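Asks: Hey, dropping coords.pdb in here, PDB, C-alpha atoms and all ligand atoms:
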```pdb
ATOM      1  CA  MET A   1      -9.383   9.558 -36.533
ATOM      2  CA  ARG A   2      -8.691   9.549 -40.260
ATOM      3  CA  ALA A   3     -11.041   7.085 -41.901
ATOM      4  CA  VAL A   4     -11.546   6.221 -45.530
ATOM      5  CA  VAL A   5     -14.105   3.977 -47.215
ATOM      6  CA  VAL A   6     -12.872   2.367 -50.453
ATOM      7  CA  TYR A   7     -15.148   0.540 -52.882
ATOM      8  CA  GLU A   8     -15.396  -1.317 -56.143
ATOM      9  CA  SER A   9     -18.881  -1.086 -57.631
ATOM     10  CA  LEU A  10     -20.050  -2.166 -61.077
ATOM     11  CA  TRP A  11     -23.739  -1.251 -60.844
ATOM     12  CA  GLY A  12     -23.736   1.224 -57.950
ATOM     13  CA  ASN A  13     -25.002  -0.862 -55.029
ATOM     14  CA  THR A  14     -21.639  -1.174 -53.261
ATOM     15  CA  ALA A  15     -20.945   2.525 -53.871
ATOM     16  CA  ALA A  16     -24.261   3.441 -52.204
ATOM     17  CA  ILE A  17     -23.428   1.259 -49.182
ATOM     18  CA  ALA A  18     -19.923   2.752 -49.029
ATOM     19  CA  ARG A  19     -21.355   6.295 -48.934
ATOM     20  CA  ALA A  20     -23.743   5.337 -46.122
ATOM     21  CA  ILE A  21     -20.927   3.738 -44.091
ATOM     22  CA  ALA A  22     -18.860   6.911 -44.579
ATOM     23  CA  GLU A  23     -21.786   9.024 -43.344
ATOM     24  CA  GLY A  24     -22.054   6.828 -40.260
ATOM     25  CA  LEU A  25     -18.328   7.096 -39.595
ATOM     26  CA  GLY A  26     -18.741  10.840 -39.389
ATOM     27  CA  SER A  27     -17.830  14.025 -41.145
ATOM     28  CA  GLY A  28     -14.403  14.107 -42.655
ATOM     29  CA  THR A  29     -14.588  10.470 -43.729
ATOM     30  CA  ARG A  30     -13.754  10.157 -47.412
ATOM     31  CA  CYS A  31     -15.531   7.688 -49.668
ATOM     32  CA  LEU A  32     -13.327   6.735 -52.626
ATOM     33  CA  SER A  33     -13.445   4.311 -55.533
ATOM     34  CA  THR A  34     -10.434   2.044 -56.027
ATOM     35  CA  ARG A  35      -9.249   4.541 -58.668
ATOM     36  CA  GLU A  36      -9.527   7.525 -56.327
ATOM     37  CA  ALA A  37      -7.930   5.723 -53.372
ATOM     38  CA  THR A  38      -4.341   6.407 -54.411
ATOM     39  CA  PRO A  39      -1.428   5.744 -52.028
ATOM     40  CA  GLU A  40      -1.364   9.508 -51.291
ATOM     41  CA  ALA A  41      -5.081   9.482 -50.414
ATOM     42  CA  ILE A  42      -4.622   6.520 -48.071
ATOM     43  CA  ALA A  43      -1.388   7.668 -46.419
ATOM     44  CA  GLY A  44      -1.782   8.188 -42.670
ATOM     45  CA  CYS A  45      -5.237   6.611 -42.434
ATOM     46  CA  ASP A  46      -6.152   5.077 -39.068
ATOM     47  CA  LEU A  47      -9.101   3.127 -40.454
ATOM     48  CA  ILE A  48      -9.712   1.647 -43.903
ATOM     49  CA  VAL A  49     -13.151   0.216 -44.634
ATOM     50  CA  ALA A  50     -13.211  -1.596 -47.983
ATOM     51  CA  GLY A  51     -15.911  -3.379 -49.954
ATOM     52  CA  SER A  52     -16.783  -4.999 -53.264
ATOM     53  CA  PRO A  53     -19.692  -6.860 -54.796
ATOM     54  CA  VAL A  54     -19.836 -10.654 -54.799
ATOM     55  CA  ILE A  55     -19.758 -11.835 -58.408
ATOM     56  CA  ALA A  56     -19.565 -15.532 -59.288
ATOM     57  CA  PHE A  57     -19.323 -16.335 -55.560
ATOM     58  CA  ARG A  58     -16.293 -14.115 -54.789
ATOM     59  CA  MET A  59     -14.602 -10.770 -55.072
ATOM     60  CA  PRO A  60     -14.633 -10.177 -58.852
ATOM     61  CA  SER A  61     -11.451 -10.953 -60.764
ATOM     62  CA  ALA A  62     -10.337  -8.886 -63.775
ATOM     63  CA  LYS A  63     -11.361 -11.793 -66.020
ATOM     64  CA  VAL A  64     -14.851 -12.018 -64.526
ATOM     65  CA  ARG A  65     -15.267  -8.237 -64.798
ATOM     66  CA  ASP A  66     -14.330  -8.411 -68.447
ATOM     67  CA  SER A  67     -16.986 -11.020 -69.073
ATOM     68  CA  LEU A  68     -19.651  -8.696 -67.628
ATOM     69  CA  ARG A  69     -19.407  -6.127 -70.441
ATOM     70  CA  ASN A  70     -22.325  -7.720 -72.280
ATOM     71  CA  GLU A  71     -24.159  -9.257 -69.352
ATOM     72  CA  SER A  72     -27.731  -9.863 -70.435
ATOM     73  CA  GLY A  73     -30.480  -8.204 -68.454
ATOM     74  CA  ALA A  74     -28.192  -5.486 -67.100
ATOM     75  CA  PRO A  75     -29.876  -2.081 -66.701
ATOM     76  CA  ARG A  76     -26.686  -0.476 -68.076
ATOM     77  CA  PRO A  77     -23.098  -1.573 -68.774
ATOM     78  CA  PRO A  78     -20.944  -2.206 -65.694
ATOM     79  CA  ASP A  79     -18.793   0.666 -64.450
ATOM     80  CA  LEU A  80     -15.288  -0.622 -65.169
ATOM     81  CA  SER A  81     -13.660   2.808 -64.800
ATOM     82  CA  HIS A  82     -11.973   1.821 -61.557
ATOM     83  CA  PRO A  83      -9.721  -1.197 -60.935
ATOM     84  CA  PRO A  84     -10.857  -4.394 -59.212
ATOM     85  CA  MET A  85     -10.675  -4.380 -55.407
ATOM     86  CA  ARG A  86      -8.352  -7.380 -55.771
ATOM     87  CA  GLU A  87      -5.801  -5.247 -57.608
ATOM     88  CA  TRP A  88      -6.207  -2.345 -55.216
ATOM     89  CA  LEU A  89      -5.565  -4.654 -52.245
ATOM     90  CA  ALA A  90      -2.569  -6.282 -53.930
ATOM     91  CA  SER A  91      -0.922  -2.886 -54.398
ATOM     92  CA  LEU A  92      -1.930  -1.394 -51.024
ATOM     93  CA  THR A  93       1.086   0.203 -49.357
ATOM     94  CA  PRO A  94       1.606  -1.498 -45.983
ATOM     95  CA  GLY A  95       0.590   0.728 -43.094
ATOM     96  CA  LYS A  96      -0.454   0.628 -39.471
ATOM     97  CA  GLY A  97      -4.084   1.010 -38.545
ATOM     98  CA  HIS A  98      -7.453  -0.666 -38.368
ATOM     99  CA  SER A  99      -9.823  -2.035 -40.947
ATOM    100  CA  ALA A 100     -13.237  -3.435 -41.687
ATOM    101  CA  ALA A 101     -14.561  -5.178 -44.797
ATOM    102  CA  PHE A 102     -17.965  -5.471 -46.430
ATOM    103  CA  ASP A 103     -19.620  -6.743 -49.568
ATOM    104  CA  THR A 104     -22.938  -6.547 -51.372
ATOM    105  CA  ARG A 105     -24.552  -9.767 -52.496
ATOM    106  CA  ALA A 106     -27.741 -11.657 -53.205
ATOM    107  CA  LYS A 107     -29.569 -13.320 -50.340
ATOM    108  CA  GLY A 108     -27.641 -16.569 -50.322
ATOM    109  CA  PRO A 109     -25.520 -18.277 -49.375
ATOM    110  CA  PHE A 110     -23.917 -17.625 -52.783
ATOM    111  CA  GLY A 111     -20.403 -16.760 -51.634
ATOM    112  CA  SER A 112     -18.826 -13.674 -50.121
ATOM    113  CA  ALA A 113     -16.030 -11.155 -50.618
ATOM    114  CA  ALA A 114     -15.682  -9.524 -47.193
ATOM    115  CA  PRO A 115     -13.521 -12.275 -45.608
ATOM    116  CA  ALA A 116     -10.950 -12.123 -48.443
ATOM    117  CA  ILE A 117     -10.894  -8.311 -48.257
ATOM    118  CA  ALA A 118     -10.414  -8.447 -44.467
ATOM    119  CA  LYS A 119      -7.554 -10.910 -44.852
ATOM    120  CA  ALA A 120      -5.724  -8.727 -47.378
ATOM    121  CA  LEU A 121      -6.199  -5.571 -45.270
ATOM    122  CA  GLY A 122      -4.833  -7.423 -42.236
ATOM    123  CA  ALA A 123      -1.832  -8.645 -44.228
ATOM    124  CA  ALA A 124      -1.054  -5.016 -45.143
ATOM    125  CA  GLY A 125      -1.012  -4.057 -41.452
ATOM    126  CA  TYR A 126      -4.621  -2.855 -41.038
ATOM    127  CA  GLN A 127      -6.061  -5.042 -38.291
ATOM    128  CA  PRO A 128      -9.803  -5.843 -38.430
ATOM    129  CA  ILE A 129     -11.882  -4.153 -35.714
ATOM    130  CA  ALA A 130     -15.164  -5.809 -36.652
ATOM    131  CA  LYS A 131     -16.547  -8.878 -38.346
ATOM    132  CA  GLY A 132     -17.181  -8.338 -42.072
ATOM    133  CA  ARG A 133     -20.687  -7.378 -43.185
ATOM    134  CA  GLY A 134     -22.747  -8.403 -46.180
ATOM    135  CA  PHE A 135     -25.433  -6.081 -47.512
ATOM    136  CA  ILE A 136     -28.222  -7.631 -49.547
ATOM    137  CA  VAL A 137     -29.680  -6.810 -52.966
ATOM    138  CA  THR A 138     -33.090  -8.105 -54.036
ATOM    139  CA  GLY A 139     -32.328  -8.602 -57.772
ATOM    140  CA  LYS A 140     -29.219  -9.678 -59.656
ATOM    141  CA  PHE A 141     -28.224  -6.060 -60.357
ATOM    142  CA  GLY A 142     -29.929  -4.528 -57.331
ATOM    143  CA  PRO A 143     -31.669  -2.660 -55.879
ATOM    144  CA  LEU A 144     -30.516  -2.930 -52.298
ATOM    145  CA  ARG A 145     -33.008  -4.511 -49.929
ATOM    146  CA  GLU A 146     -35.074  -2.014 -47.991
ATOM    147  CA  GLY A 147     -33.255  -0.875 -44.865
ATOM    148  CA  GLU A 148     -29.728  -1.751 -46.054
ATOM    149  CA  ILE A 149     -28.652   1.888 -46.396
ATOM    150  CA  GLU A 150     -29.749   2.563 -42.806
ATOM    151  CA  ARG A 151     -27.987  -0.627 -41.681
ATOM    152  CA  ALA A 152     -24.803   0.557 -43.386
ATOM    153  CA  ARG A 153     -25.014   3.981 -41.735
ATOM    154  CA  ALA A 154     -25.501   2.328 -38.319
ATOM    155  CA  TRP A 155     -22.536   0.026 -38.972
ATOM    156  CA  GLY A 156     -20.395   3.055 -39.818
ATOM    157  CA  LYS A 157     -21.290   4.528 -36.406
ATOM    158  CA  GLU A 158     -20.385   1.244 -34.708
ATOM    159  CA  LEU A 159     -17.051   1.179 -36.523
ATOM    160  CA  ALA A 160     -16.242   4.718 -35.389
ATOM    161  CA  GLU A 161     -16.903   3.630 -31.770
ATOM    162  CA  ALA A 162     -14.839   0.460 -32.168
ATOM    163  CA  ALA A 163     -11.945   2.425 -33.688
ATOM    164  CA  ARG A 164     -12.015   4.896 -30.779
ATOM    165  CA  ARG A 165     -11.861   2.037 -28.269
ATOM    166  CA  ALA A 166      -9.161   0.091 -30.158
TER
HETATM  167  C1  LIG A 201     -23.155 -11.415 -63.183
HETATM  168  C2  LIG A 201     -23.512 -11.349 -61.728
HETATM  169  C3  LIG A 201     -23.111 -12.384 -60.893
HETATM  170  C4  LIG A 201     -23.442 -12.343 -59.534
HETATM  171  N1  LIG A 201     -23.007 -13.367 -58.731
HETATM  172  C5  LIG A 201     -23.354 -13.352 -57.422
HETATM  173  C6  LIG A 201     -22.927 -14.412 -56.556
HETATM  174  O1  LIG A 201     -22.235 -15.361 -56.960
HETATM  175  N2  LIG A 201     -23.278 -14.356 -55.253
HETATM  176  C7  LIG A 201     -24.054 -13.344 -54.753
HETATM  177  O2  LIG A 201     -24.371 -13.386 -53.563
HETATM  178  N3  LIG A 201     -24.462 -12.319 -55.543
HETATM  179  C8  LIG A 201     -24.137 -12.292 -56.852
HETATM  180  N4  LIG A 201     -24.533 -11.266 -57.662
HETATM  181  C9  LIG A 201     -25.261 -10.121 -57.070
HETATM  182  C10 LIG A 201     -24.295  -8.958 -56.814
HETATM  183  O3  LIG A 201     -23.412  -9.301 -55.777
HETATM  184  C11 LIG A 201     -25.041  -7.685 -56.423
HETATM  185  O4  LIG A 201     -25.874  -7.244 -57.457
HETATM  186  C12 LIG A 201     -24.090  -6.582 -56.025
HETATM  187  O5  LIG A 201     -24.776  -5.710 -55.167
HETATM  188  C13 LIG A 201     -23.540  -5.780 -57.192
HETATM  189  O6  LIG A 201     -22.791  -4.725 -56.661
HETATM  190  P1  LIG A 201     -22.491  -3.390 -57.481
HETATM  191  O7  LIG A 201     -23.815  -2.802 -57.893
HETATM  192  O8  LIG A 201     -21.781  -2.510 -56.523
HETATM  193  O9  LIG A 201     -21.663  -3.780 -58.644
HETATM  194  C14 LIG A 201     -24.211 -11.259 -59.009
HETATM  195  C15 LIG A 201     -24.611 -10.241 -59.862
HETATM  196  C16 LIG A 201     -24.264 -10.266 -61.200
HETATM  197  C17 LIG A 201     -24.701  -9.138 -62.079
END
```
Once you've parsed the file, please lay out its structure as structure tokens.

Replies:
Amino acid sequence: MRAVVVYESLWGNTAAIARAIAEGLGSGTRCLSTREATPEAIAGCDLIVAGSPVIAFRMPSAKVRDSLRNESGAPRPPDLSHPPMREWLASLTPGKGHSAAFDTRAKGPFGSAAPAIAKALGAAGYQPIAKGRGFIVTGKFGPLREGEIERARAWGKELAEAARRA
């Protein structure tokens, strides 16, 4: 199985979850930002797992990201070096394979991103093999709640099993 985990992450929480999911999926799984996940990098993938943070109740738009440059209370400026997940999904080359979606968010309900990501992956031909997952942060900018990294690794293992069965 060729699996890839693709993320958008402004303050590092979603990137950390993405790395843990990739570990759970097994060796050989690549973990790429939306900038690194070029069409060449994705070509021939059997499983795409994609995630973003929830900002202002949804997957962040370019406009919302722009407004975060001077967000008060931030430990550091947001990492805007990679494009929004929205843009990455909109330009995803249609393929044939499986998918799963995740997001990181506050303990809510204050919206989600995983369902919209799952929908876009499905529309591109990557059929969901699992229900989307939300991973929780304890403060506005993180950190992740205790145990979330382990939960992400375990979910990666589950996804590998589900992809083998599918
Ligand atoms: C400006 C801002 C707005 C946020 N809005 C929401 C929200 O509407 N719903 C939610 O559940 N979490 C919200 N959060 C929490 C983020 O989803 C959480 O910190 C996320 O893990 C950030 O991911 P990242 O570190 O990968 O960028 C917000 C955080 C910030 C900084």

Asks: Counting all atoms listed in the file, figure out which residue out of A:Val54, A:Val64, A:Thr138, A:Glu161 gets nearest to Ala116 of chain A.

Replies: A:Val54

Asks: So how many Å separate atom CA of Val6 of chain A and atom CA of Glu71 of chain A, to one decimal?

Replies: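 Value for the atom CA of Val6 of chain A-atom CA of Glu71 of chain A distance: 24.9 Å.
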
Asks: Residues at most 10 Å from Ala74 of chain A, counting all atoms listed in the file, excluding those fewer than 3 positions away in the same chain, as number ranges by chain?

Replies: A: 11, 68-71, 77-78, 140-142

Asks: Grab me every residue within 10 Å of ligand LIG 201 (chain A), counting all atoms listed in the file, and send it over as a PyMOL selection string.

Replies: chain A and resi 7-18+51-60+64-65+67-75+78-80+103-113+134-145

Asks: Selection from above, C-alpha atoms, as a compact mmCIF listing (two decimals), in the coordinates of the input, can you write it?

Replies:
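The result, written out as result.txt:
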```
# COMPACT_ATOMS: atom_id res chain seq x y z
CA TYR A 7 -15.15 0.54 -52.88
CA GLU A 8 -15.40 -1.32 -56.14
CA SER A 9 -18.88 -1.09 -57.63
CA LEU A 10 -20.05 -2.17 -61.08
CA TRP A 11 -23.74 -1.25 -60.84
CA GLY A 12 -23.74 1.22 -57.95
CA ASN A 13 -25.00 -0.86 -55.03
CA THR A 14 -21.64 -1.17 -53.26
CA ALA A 15 -20.94 2.52 -53.87
CA ALA A 16 -24.26 3.44 -52.20
CA ILE A 17 -23.43 1.26 -49.18
CA ALA A 18 -19.92 2.75 -49.03
CA GLY A 51 -15.91 -3.38 -49.95
CA SER A 52 -16.78 -5.00 -53.26
CA PRO A 53 -19.69 -6.86 -54.80
CA VAL A 54 -19.84 -10.65 -54.80
CA ILE A 55 -19.76 -11.84 -58.41
CA ALA A 56 -19.57 -15.53 -59.29
CA PHE A 57 -19.32 -16.34 -55.56
CA ARG A 58 -16.29 -14.12 -54.79
CA MET A 59 -14.60 -10.77 -55.07
CA PRO A 60 -14.63 -10.18 -58.85
CA VAL A 64 -14.85 -12.02 -64.53
CA ARG A 65 -15.27 -8.24 -64.80
CA SER A 67 -16.99 -11.02 -69.07
CA LEU A 68 -19.65 -8.70 -67.63
CA ARG A 69 -19.41 -6.13 -70.44
CA ASN A 70 -22.32 -7.72 -72.28
CA GLU A 71 -24.16 -9.26 -69.35
CA SER A 72 -27.73 -9.86 -70.44
CA GLY A 73 -30.48 -8.20 -68.45
CA ALA A 74 -28.19 -5.49 -67.10
CA PRO A 75 -29.88 -2.08 -66.70
CA PRO A 78 -20.94 -2.21 -65.69
CA ASP A 79 -18.79 0.67 -64.45
CA LEU A 80 -15.29 -0.62 -65.17
CA ASP A 103 -19.62 -6.74 -49.57
CA THR A 104 -22.94 -6.55 -51.37
CA ARG A 105 -24.55 -9.77 -52.50
CA ALA A 106 -27.74 -11.66 -53.20
CA LYS A 107 -29.57 -13.32 -50.34
CA GLY A 108 -27.64 -16.57 -50.32
CA PRO A 109 -25.52 -18.28 -49.38
CA PHE A 110 -23.92 -17.62 -52.78
CA GLY A 111 -20.40 -16.76 -51.63
CA SER A 112 -18.83 -13.67 -50.12
CA ALA A 113 -16.03 -11.16 -50.62
CA GLY A 134 -22.75 -8.40 -46.18
CA PHE A 135 -25.43 -6.08 -47.51
CA ILE A 136 -28.22 -7.63 -49.55
CA VAL A 137 -29.68 -6.81 -52.97
CA THR A 138 -33.09 -8.10 -54.04
CA GLY A 139 -32.33 -8.60 -57.77
CA LYS A 140 -29.22 -9.68 -59.66
CA PHE A 141 -28.22 -6.06 -60.36
CA GLY A 142 -29.93 -4.53 -57.33
CA PRO A 143 -31.67 -2.66 -55.88
CA LEU A 144 -30.52 -2.93 -52.30
CA ARG A 145 -33.01 -4.51 -49.93
```

Asks: Starting from the displayed file, determine the output of the PyMOL selection byres (((chain A and resi 127-129) around 12) and not hetatm) and express the residue list as a PyMOL selection string.

Replies: chain A and resi 46-50+94-102+114-126+130-133+155-156+158-166

Asks: Atom CA of Ala152 of chain A and atom CA of Ser91 of chain A are how many Å apart?

Replies: 26.5 Å

Asks: Using only C-alpha atoms, pick whichever of A:Pro83, A:Arg151, A:Val4, A:Leu89 has the shortest atom-to-atom distance to Thr34 of chain A.

Replies: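 Closest to Thr34 of chain A, using only C-alpha atoms: A:Pro83.
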
Asks: Assuming the chain letters and numbering stay as they are in my file, what does the PyMOL selection byres (((chain A and resi 39) around 9) and not hetatm) actually select? List them as a PDB file with C-alpha atoms, in the frame of the given file.

Replies:
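See result36.pdb below for the written result:
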```pdb
ATOM      1  CA  ALA A  37      -7.930   5.723 -53.372  1.00  0.00           C
ATOM      2  CA  THR A  38      -4.341   6.407 -54.411  1.00  0.00           C
ATOM      3  CA  GLU A  40      -1.364   9.508 -51.291  1.00  0.00           C
ATOM      4  CA  ALA A  41      -5.081   9.482 -50.414  1.00  0.00           C
ATOM      5  CA  ILE A  42      -4.622   6.520 -48.071  1.00  0.00           C
ATOM      6  CA  ALA A  43      -1.388   7.668 -46.419  1.00  0.00           C
ATOM      7  CA  SER A  91      -0.922  -2.886 -54.398  1.00  0.00           C
ATOM      8  CA  LEU A  92      -1.930  -1.394 -51.024  1.00  0.00           C
ATOM      9  CA  THR A  93       1.086   0.203 -49.357  1.00  0.00           C
TER      10      THR A  93
END
```

Asks: Rebuild N, CA and C atoms on segment 106-120 of chain A, as a compact mmCIF listing (two decimals), in the coordinates of the input?

Replies:
```txt
# COMPACT_ATOMS: atom_id res chain seq x y z
N ALA A 106 -26.37 -11.16 -53.22
CA ALA A 106 -27.74 -11.66 -53.20
C ALA A 106 -27.97 -12.39 -51.88
N LYS A 107 -29.27 -12.57 -51.56
CA LYS A 107 -29.57 -13.32 -50.34
C LYS A 107 -29.22 -14.77 -50.61
N GLY A 108 -28.24 -15.30 -49.95
CA GLY A 108 -27.64 -16.57 -50.32
C GLY A 108 -27.93 -17.71 -49.40
N PRO A 109 -26.95 -18.53 -49.18
CA PRO A 109 -25.52 -18.28 -49.38
C PRO A 109 -25.04 -18.55 -50.80
N PHE A 110 -24.53 -17.48 -51.46
CA PHE A 110 -23.92 -17.62 -52.78
C PHE A 110 -22.54 -17.00 -52.77
N GLY A 111 -21.77 -17.26 -51.72
CA GLY A 111 -20.40 -16.76 -51.63
C GLY A 111 -20.32 -15.42 -50.94
N SER A 112 -19.09 -14.93 -50.83
CA SER A 112 -18.83 -13.67 -50.12
C SER A 112 -17.52 -13.08 -50.63
N ALA A 113 -17.30 -11.83 -50.29
CA ALA A 113 -16.03 -11.16 -50.62
C ALA A 113 -15.38 -10.57 -49.36
N ALA A 114 -16.20 -10.22 -48.37
CA ALA A 114 -15.68 -9.52 -47.19
C ALA A 114 -14.55 -10.28 -46.49
N PRO A 115 -14.64 -11.61 -46.30
CA PRO A 115 -13.52 -12.28 -45.61
C PRO A 115 -12.19 -12.14 -46.34
N ALA A 116 -12.20 -12.25 -47.67
CA ALA A 116 -10.95 -12.12 -48.44
C ALA A 116 -10.42 -10.69 -48.37
N ILE A 117 -11.32 -9.72 -48.37
CA ILE A 117 -10.89 -8.31 -48.26
C ILE A 117 -10.27 -8.08 -46.88
N ALA A 118 -10.92 -8.61 -45.84
CA ALA A 118 -10.41 -8.45 -44.47
C ALA A 118 -9.02 -9.06 -44.33
N LYS A 119 -8.84 -10.21 -44.94
CA LYS A 119 -7.55 -10.91 -44.85
C LYS A 119 -6.45 -10.07 -45.49
N ALA A 120 -6.74 -9.52 -46.67
CA ALA A 120 -5.72 -8.73 -47.38
C ALA A 120 -5.41 -7.44 -46.62
```
